[in-house]
>>> print(open('target_35.cif').read())   # mmCIF, N, CA and C atoms
data_work
loop_
_atom_site.label_atom_id
_atom_site.label_comp_id
_atom_site.auth_asym_id
_atom_site.auth_seq_id
_atom_site.Cartn_x
_atom_site.Cartn_y
_atom_site.Cartn_z
N MET A 29 0.84 -1.18 0.00
CA MET A 29 0.00 0.00 0.00
C MET A 29 0.89 1.25 0.00
N ASN A 30 0.55 2.20 -0.82
CA ASN A 30 1.27 3.46 -0.91
C ASN A 30 0.80 4.37 0.23
N ILE A 31 1.73 4.80 1.08
CA ILE A 31 1.34 5.61 2.24
C ILE A 31 0.82 6.99 1.84
N LEU A 32 1.11 7.43 0.63
CA LEU A 32 0.63 8.75 0.19
C LEU A 32 -0.89 8.79 0.08
N PHE A 33 -1.52 7.62 0.07
CA PHE A 33 -2.98 7.54 0.09
C PHE A 33 -3.55 8.25 1.32
N PHE A 34 -2.80 8.27 2.42
CA PHE A 34 -3.24 8.86 3.69
C PHE A 34 -2.80 10.31 3.86
N LEU A 35 -2.02 10.82 2.95
CA LEU A 35 -1.35 12.12 3.13
C LEU A 35 -2.31 13.30 3.15
N THR A 36 -2.13 14.15 4.16
CA THR A 36 -2.71 15.48 4.16
C THR A 36 -1.61 16.39 3.63
N PRO A 37 -1.79 16.99 2.46
CA PRO A 37 -0.71 17.76 1.84
C PRO A 37 -0.33 19.02 2.63
N LYS A 38 0.88 19.43 2.44
CA LYS A 38 1.44 20.59 3.15
C LYS A 38 0.50 21.79 3.10
N VAL A 39 -0.14 22.02 1.98
CA VAL A 39 -1.02 23.18 1.83
C VAL A 39 -2.18 23.15 2.82
N ASP A 40 -2.55 21.97 3.30
CA ASP A 40 -3.67 21.82 4.24
C ASP A 40 -3.22 21.59 5.69
N VAL A 41 -1.94 21.75 5.95
CA VAL A 41 -1.38 21.46 7.28
C VAL A 41 -0.96 22.75 7.97
N GLY A 42 -1.24 22.82 9.25
CA GLY A 42 -0.72 23.93 10.06
C GLY A 42 0.72 23.61 10.44
N TYR A 43 1.63 24.45 10.05
CA TYR A 43 3.05 24.26 10.38
C TYR A 43 3.65 25.61 10.68
N VAL A 44 4.82 25.59 11.28
CA VAL A 44 5.53 26.84 11.58
C VAL A 44 6.92 26.75 10.99
N TYR A 45 7.52 27.91 10.81
CA TYR A 45 8.91 27.97 10.39
C TYR A 45 9.79 28.19 11.62
N SER A 46 10.98 27.64 11.58
CA SER A 46 11.90 27.82 12.70
C SER A 46 12.24 29.29 12.91
N SER A 47 12.03 30.12 11.89
CA SER A 47 12.31 31.55 12.00
C SER A 47 11.11 32.34 12.54
N ASP A 48 9.97 31.68 12.75
CA ASP A 48 8.78 32.34 13.31
C ASP A 48 9.01 32.69 14.77
N THR A 49 8.10 33.48 15.31
CA THR A 49 8.14 33.83 16.73
C THR A 49 7.16 32.95 17.50
N MET A 50 7.26 33.00 18.81
CA MET A 50 6.32 32.26 19.64
C MET A 50 4.89 32.73 19.38
N GLY A 51 4.72 34.03 19.21
CA GLY A 51 3.39 34.58 18.94
C GLY A 51 2.81 34.05 17.64
N GLU A 52 3.63 33.99 16.59
CA GLU A 52 3.16 33.45 15.31
C GLU A 52 2.81 31.97 15.44
N ALA A 53 3.59 31.25 16.21
CA ALA A 53 3.32 29.82 16.41
C ALA A 53 1.99 29.62 17.14
N ILE A 54 1.76 30.41 18.16
CA ILE A 54 0.51 30.30 18.92
C ILE A 54 -0.68 30.60 18.01
N GLU A 55 -0.57 31.64 17.19
CA GLU A 55 -1.65 31.99 16.26
C GLU A 55 -1.97 30.83 15.32
N LYS A 56 -0.93 30.21 14.76
CA LYS A 56 -1.15 29.10 13.82
C LYS A 56 -1.73 27.89 14.53
N MET A 57 -1.26 27.62 15.72
CA MET A 57 -1.77 26.46 16.47
C MET A 57 -3.24 26.66 16.81
N LEU A 58 -3.61 27.87 17.17
CA LEU A 58 -5.01 28.16 17.45
C LEU A 58 -5.87 28.07 16.18
N LYS A 59 -5.35 28.61 15.09
CA LYS A 59 -6.09 28.61 13.83
C LYS A 59 -6.41 27.19 13.37
N TYR A 60 -5.41 26.32 13.44
CA TYR A 60 -5.59 24.95 12.95
C TYR A 60 -6.07 23.98 14.04
N ARG A 61 -6.19 24.49 15.26
CA ARG A 61 -6.63 23.69 16.40
C ARG A 61 -5.73 22.49 16.66
N PHE A 62 -4.41 22.70 16.47
CA PHE A 62 -3.43 21.66 16.72
C PHE A 62 -2.66 21.99 17.99
N THR A 63 -2.32 20.99 18.73
CA THR A 63 -1.47 21.19 19.90
C THR A 63 -0.01 20.88 19.58
N THR A 64 0.21 20.30 18.41
CA THR A 64 1.56 19.97 17.96
C THR A 64 1.62 20.24 16.46
N VAL A 65 2.70 20.92 16.02
CA VAL A 65 2.83 21.25 14.60
C VAL A 65 4.25 20.98 14.11
N PRO A 66 4.39 20.68 12.82
CA PRO A 66 5.72 20.51 12.25
C PRO A 66 6.46 21.85 12.21
N VAL A 67 7.76 21.78 12.37
CA VAL A 67 8.64 22.95 12.26
C VAL A 67 9.47 22.76 10.98
N LEU A 68 9.40 23.77 10.10
CA LEU A 68 10.10 23.69 8.82
C LEU A 68 11.15 24.77 8.70
N ASN A 69 12.15 24.52 7.88
CA ASN A 69 13.11 25.54 7.52
C ASN A 69 12.48 26.38 6.43
N GLU A 70 12.42 27.69 6.65
CA GLU A 70 11.73 28.58 5.72
C GLU A 70 12.39 28.62 4.34
N VAL A 71 13.69 28.47 4.28
CA VAL A 71 14.40 28.56 3.01
C VAL A 71 14.34 27.25 2.23
N SER A 72 14.67 26.15 2.88
CA SER A 72 14.76 24.87 2.17
C SER A 72 13.46 24.07 2.17
N GLY A 73 12.54 24.40 3.11
CA GLY A 73 11.31 23.64 3.23
C GLY A 73 11.49 22.30 3.92
N ARG A 74 12.69 22.06 4.43
CA ARG A 74 12.97 20.78 5.09
C ARG A 74 12.30 20.72 6.47
N TYR A 75 11.90 19.52 6.83
CA TYR A 75 11.32 19.26 8.15
C TYR A 75 12.44 19.31 9.18
N GLU A 76 12.25 20.15 10.23
CA GLU A 76 13.28 20.29 11.26
C GLU A 76 12.88 19.69 12.59
N GLY A 77 11.59 19.50 12.81
CA GLY A 77 11.16 18.95 14.09
C GLY A 77 9.69 19.22 14.35
N THR A 78 9.33 19.14 15.63
CA THR A 78 7.94 19.28 16.03
C THR A 78 7.84 20.22 17.22
N LEU A 79 6.91 21.14 17.16
CA LEU A 79 6.66 22.08 18.26
C LEU A 79 5.33 21.72 18.90
N ALA A 80 5.36 21.54 20.22
CA ALA A 80 4.14 21.25 20.97
C ALA A 80 3.79 22.44 21.84
N ASN A 81 2.51 22.58 22.16
CA ASN A 81 2.13 23.71 23.00
C ASN A 81 2.82 23.65 24.36
N ASP A 82 3.11 22.45 24.86
CA ASP A 82 3.82 22.40 26.15
C ASP A 82 5.28 22.85 26.02
N ASP A 83 5.85 22.83 24.82
CA ASP A 83 7.19 23.41 24.62
C ASP A 83 7.13 24.92 24.88
N LEU A 84 6.06 25.54 24.40
CA LEU A 84 5.89 26.98 24.61
C LEU A 84 5.65 27.30 26.08
N LEU A 85 4.83 26.48 26.73
CA LEU A 85 4.57 26.69 28.17
C LEU A 85 5.83 26.50 29.01
N ARG A 86 6.64 25.50 28.67
CA ARG A 86 7.90 25.29 29.40
C ARG A 86 8.83 26.49 29.22
N GLU A 87 8.83 27.05 28.01
CA GLU A 87 9.68 28.22 27.75
C GLU A 87 9.24 29.39 28.63
N LEU A 88 7.94 29.61 28.74
CA LEU A 88 7.43 30.68 29.61
C LEU A 88 7.76 30.40 31.07
N ASN A 89 7.66 29.16 31.46
CA ASN A 89 7.95 28.78 32.85
C ASN A 89 9.43 28.96 33.17
N ARG A 90 10.30 28.71 32.21
CA ARG A 90 11.75 28.88 32.42
C ARG A 90 12.14 30.35 32.59
N HIS A 91 11.33 31.24 32.06
CA HIS A 91 11.62 32.68 32.10
C HIS A 91 10.44 33.42 32.72
N PRO A 92 10.26 33.31 34.05
CA PRO A 92 9.08 33.89 34.71
C PRO A 92 8.96 35.41 34.55
N SER A 93 10.05 36.10 34.30
CA SER A 93 9.98 37.55 34.15
C SER A 93 9.61 37.97 32.72
N LEU A 94 9.46 37.01 31.83
CA LEU A 94 9.12 37.29 30.44
C LEU A 94 7.67 37.75 30.34
N THR A 95 7.46 38.92 29.76
CA THR A 95 6.10 39.42 29.59
C THR A 95 5.44 38.74 28.40
N VAL A 96 4.14 38.81 28.33
CA VAL A 96 3.41 38.21 27.21
C VAL A 96 3.86 38.83 25.89
N ALA A 97 4.02 40.15 25.88
CA ALA A 97 4.44 40.84 24.66
C ALA A 97 5.84 40.40 24.24
N ALA A 98 6.74 40.29 25.20
CA ALA A 98 8.11 39.86 24.89
C ALA A 98 8.13 38.40 24.43
N ALA A 99 7.30 37.58 25.05
CA ALA A 99 7.24 36.17 24.67
C ALA A 99 6.74 36.03 23.24
N ALA A 100 5.78 36.86 22.85
CA ALA A 100 5.22 36.79 21.50
C ALA A 100 6.29 37.07 20.45
N ASP A 101 7.28 37.90 20.80
CA ASP A 101 8.35 38.25 19.86
C ASP A 101 9.57 37.33 19.95
N ARG A 102 9.55 36.41 20.89
CA ARG A 102 10.69 35.51 21.09
C ARG A 102 10.78 34.52 19.92
N PRO A 103 11.96 34.37 19.31
CA PRO A 103 12.09 33.47 18.16
C PRO A 103 11.93 32.00 18.55
N LEU A 104 11.28 31.23 17.70
CA LEU A 104 11.07 29.81 17.97
C LEU A 104 12.38 29.04 18.07
N ASN A 105 13.38 29.49 17.33
CA ASN A 105 14.65 28.76 17.39
C ASN A 105 15.33 28.87 18.75
N SER A 106 14.78 29.70 19.65
CA SER A 106 15.30 29.77 21.01
C SER A 106 14.52 28.89 21.97
N VAL A 107 13.45 28.27 21.49
CA VAL A 107 12.60 27.41 22.31
C VAL A 107 13.07 25.97 22.18
N SER A 108 13.38 25.35 23.32
CA SER A 108 13.79 23.95 23.23
C SER A 108 12.55 23.07 23.12
N ARG A 109 12.67 22.08 22.26
CA ARG A 109 11.56 21.16 22.03
C ARG A 109 11.83 19.86 22.79
N ARG A 110 10.80 19.37 23.45
CA ARG A 110 10.93 18.15 24.24
C ARG A 110 11.12 16.93 23.34
N ARG A 111 10.39 16.91 22.23
CA ARG A 111 10.40 15.73 21.37
C ARG A 111 10.10 16.11 19.94
N ASP A 112 10.89 15.61 19.03
CA ASP A 112 10.62 15.79 17.60
C ASP A 112 10.06 14.49 17.04
N TYR A 113 8.98 14.59 16.30
CA TYR A 113 8.38 13.40 15.69
C TYR A 113 9.30 12.89 14.59
N THR A 114 9.31 11.59 14.43
CA THR A 114 10.10 10.96 13.38
C THR A 114 9.36 11.08 12.06
N ALA A 115 10.05 11.56 11.06
CA ALA A 115 9.46 11.68 9.72
C ALA A 115 9.71 10.39 8.94
N VAL A 116 8.85 10.15 7.96
CA VAL A 116 9.08 9.05 7.03
C VAL A 116 9.17 9.63 5.63
N ARG A 117 9.88 8.91 4.78
CA ARG A 117 9.96 9.34 3.38
C ARG A 117 8.69 8.92 2.65
N ALA A 118 8.40 9.63 1.60
CA ALA A 118 7.19 9.36 0.82
C ALA A 118 7.16 7.94 0.27
N ASP A 119 8.32 7.33 0.09
CA ASP A 119 8.37 5.96 -0.43
C ASP A 119 8.45 4.90 0.68
N ALA A 120 8.19 5.30 1.92
CA ALA A 120 8.23 4.36 3.04
C ALA A 120 7.11 3.33 2.90
N ASP A 121 7.31 2.20 3.56
CA ASP A 121 6.25 1.19 3.51
C ASP A 121 5.32 1.35 4.71
N MET A 122 4.24 0.61 4.68
CA MET A 122 3.20 0.71 5.72
C MET A 122 3.77 0.39 7.11
N GLU A 123 4.66 -0.55 7.18
CA GLU A 123 5.23 -0.93 8.47
C GLU A 123 5.98 0.25 9.11
N ASP A 124 6.75 0.97 8.32
CA ASP A 124 7.47 2.15 8.85
C ASP A 124 6.48 3.21 9.32
N LEU A 125 5.42 3.40 8.56
CA LEU A 125 4.40 4.36 8.94
C LEU A 125 3.76 3.96 10.26
N LEU A 126 3.41 2.69 10.40
CA LEU A 126 2.76 2.21 11.63
C LEU A 126 3.67 2.35 12.84
N LYS A 127 4.95 2.09 12.68
CA LYS A 127 5.89 2.24 13.80
C LYS A 127 5.85 3.65 14.37
N SER A 128 5.81 4.63 13.50
CA SER A 128 5.77 6.01 13.96
C SER A 128 4.39 6.42 14.44
N ALA A 129 3.34 5.96 13.77
CA ALA A 129 1.98 6.35 14.13
C ALA A 129 1.57 5.85 15.51
N VAL A 130 2.19 4.79 15.97
CA VAL A 130 1.87 4.25 17.29
C VAL A 130 2.19 5.26 18.39
N THR A 131 3.25 6.02 18.23
CA THR A 131 3.71 6.93 19.29
C THR A 131 3.57 8.40 18.96
N GLN A 132 3.03 8.73 17.81
CA GLN A 132 2.93 10.13 17.38
C GLN A 132 1.50 10.42 16.92
N ASN A 133 1.02 11.64 17.18
CA ASN A 133 -0.31 12.04 16.70
C ASN A 133 -0.36 12.13 15.19
N PHE A 134 0.76 12.47 14.60
CA PHE A 134 0.87 12.52 13.15
C PHE A 134 2.29 12.14 12.77
N VAL A 135 2.44 11.74 11.52
CA VAL A 135 3.75 11.37 11.00
C VAL A 135 4.10 12.35 9.88
N PRO A 136 5.15 13.15 10.07
CA PRO A 136 5.59 14.04 8.99
C PRO A 136 6.11 13.20 7.82
N VAL A 137 5.81 13.64 6.60
CA VAL A 137 6.27 12.94 5.41
C VAL A 137 7.16 13.89 4.62
N VAL A 138 8.30 13.38 4.20
CA VAL A 138 9.27 14.18 3.46
C VAL A 138 9.60 13.49 2.14
N ASP A 139 10.08 14.29 1.19
CA ASP A 139 10.51 13.69 -0.07
C ASP A 139 11.95 13.21 0.07
N ASP A 140 12.55 12.78 -1.01
CA ASP A 140 13.91 12.21 -0.92
C ASP A 140 14.98 13.25 -0.62
N THR A 141 14.64 14.55 -0.66
CA THR A 141 15.60 15.60 -0.29
C THR A 141 15.38 16.08 1.15
N GLY A 142 14.36 15.53 1.82
CA GLY A 142 14.04 15.95 3.19
C GLY A 142 13.03 17.08 3.25
N ALA A 143 12.54 17.51 2.09
CA ALA A 143 11.55 18.59 2.05
C ALA A 143 10.20 18.06 2.55
N PHE A 144 9.56 18.83 3.39
CA PHE A 144 8.27 18.46 3.97
C PHE A 144 7.19 18.50 2.90
N ILE A 145 6.40 17.41 2.81
CA ILE A 145 5.32 17.40 1.82
C ILE A 145 3.94 17.24 2.46
N GLY A 146 3.90 16.92 3.76
CA GLY A 146 2.62 16.80 4.44
C GLY A 146 2.70 15.90 5.65
N ILE A 147 1.54 15.53 6.16
CA ILE A 147 1.48 14.66 7.33
C ILE A 147 0.48 13.54 7.10
N ILE A 148 0.66 12.49 7.86
CA ILE A 148 -0.33 11.43 7.93
C ILE A 148 -0.76 11.35 9.39
N THR A 149 -2.04 11.54 9.63
CA THR A 149 -2.53 11.52 11.01
C THR A 149 -2.78 10.09 11.47
N ARG A 150 -2.59 9.89 12.74
CA ARG A 150 -2.86 8.59 13.33
C ARG A 150 -4.33 8.22 13.12
N ARG A 151 -5.21 9.20 13.16
CA ARG A 151 -6.64 8.97 12.96
C ARG A 151 -6.91 8.31 11.60
N GLU A 152 -6.25 8.80 10.54
CA GLU A 152 -6.45 8.23 9.21
C GLU A 152 -5.95 6.79 9.14
N VAL A 153 -4.85 6.51 9.79
CA VAL A 153 -4.30 5.16 9.79
C VAL A 153 -5.25 4.21 10.52
N ILE A 154 -5.74 4.63 11.68
CA ILE A 154 -6.66 3.80 12.46
C ILE A 154 -7.95 3.58 11.69
N LYS A 155 -8.44 4.63 11.05
CA LYS A 155 -9.68 4.52 10.27
C LYS A 155 -9.51 3.48 9.15
N TYR A 156 -8.39 3.54 8.46
CA TYR A 156 -8.10 2.58 7.40
C TYR A 156 -8.03 1.15 7.95
N LEU A 157 -7.33 0.97 9.05
CA LEU A 157 -7.20 -0.36 9.63
C LEU A 157 -8.55 -0.90 10.09
N ARG A 158 -9.36 -0.04 10.69
CA ARG A 158 -10.68 -0.47 11.14
C ARG A 158 -11.55 -0.91 9.98
N GLU A 159 -11.53 -0.13 8.90
CA GLU A 159 -12.32 -0.48 7.72
C GLU A 159 -11.87 -1.82 7.12
N HIS A 160 -10.57 -2.03 7.07
CA HIS A 160 -10.06 -3.27 6.47
C HIS A 160 -10.24 -4.47 7.40
N MET A 161 -10.26 -4.25 8.68
CA MET A 161 -10.52 -5.34 9.62
C MET A 161 -11.97 -5.79 9.49
N SER A 162 -12.89 -4.84 9.35
CA SER A 162 -14.31 -5.19 9.25
C SER A 162 -14.61 -5.87 7.92
N LYS A 163 -13.86 -5.57 6.86
CA LYS A 163 -14.05 -6.23 5.57
C LYS A 163 -13.55 -7.67 5.63
N ASP A 164 -12.52 -7.91 6.43
CA ASP A 164 -11.94 -9.25 6.55
C ASP A 164 -12.83 -10.18 7.37
N ASN A 165 -13.70 -9.62 8.17
CA ASN A 165 -14.56 -10.46 9.04
C ASN A 165 -15.87 -10.80 8.41
#
>>> encode(input="target_35.cif", output="structure tokens")
Amino acid sequence: MNILFFLTPKVDVGYVYSSDTMGEAIEKMLKYRFTTVPVLNEVSGRYEGTLANDDLLRELNRHPSLTVAAAADRPLNSVSRRRDYTAVRADADMEDLLKSAVTQNFVPVVDDTGAFIGIITRREVIKYLREHMSKDN
């Protein structure tokens, strides 16, 4: 099975650039209603990691004197991320996708140059498996 069947393309995904600010990241996360978003390099389009809302909260907690206005202007590349989701290549097999989907809300998908092309949500994978399990019974 081609994993691209499950792909939500980049154009439909909420993501941030590593050059964005915390304020821009919060706006995008609220807009797309995501608590975790891919982080991309603005120039190359390569997937760099994953930003979670608790990464932003930890950053605020580490700097208690930081005002809301100052935090909004703080660059994302200064925010440490607890965990980056593992990306898979577009030509990955279903087994590789499942390994990542078990522990991640979504799986970033990259092309052979590492450029981000979209995500596959765990929900889509589970939905597919459920449908195929019911057909087999």
>>> select_by_dssp(input="target_35.cif", residues="chain A", states="alpha helix (DSSP H)", output="PyMOL selection string")
chain A and resi 50-60+81-90+96-101+122-129+150-164
>>> atom_distance(input="target_35.cif", atom1="CA of Pro136 in chain A", atom2="CA of Thr63 in chain A")
14.8 Å
>>> residues_around(input="target_35.cif", residues="range 79-88 of chain A", least_positions_apart="5", cutoff="8 Å", atoms="only N, CA and C atoms", output="JSON, numbers by chain")
{"A": [44, 50, 54, 62, 63, 64, 65, 66, 67, 68, 93, 94, 99, 106, 107, 108, 109, 110, 111, 112, 113]}
>>> residues_around(input="target_35.cif", residues="range 70-76 of chain A", least_positions_apart="2", cutoff="8 Å", atoms="only C-alpha atoms", output="VMD selection string")
chain A and resid 45 to 47 66 to 68 78 115 136 138 141 to 144
>>> residues_around(input="target_35.cif", residues="Ala118 in chain A", least_positions_apart="6", cutoff="12 Å", atoms="only C-alpha atoms", output="number ranges by chain")
A: 29-35, 37, 124-125, 135-148
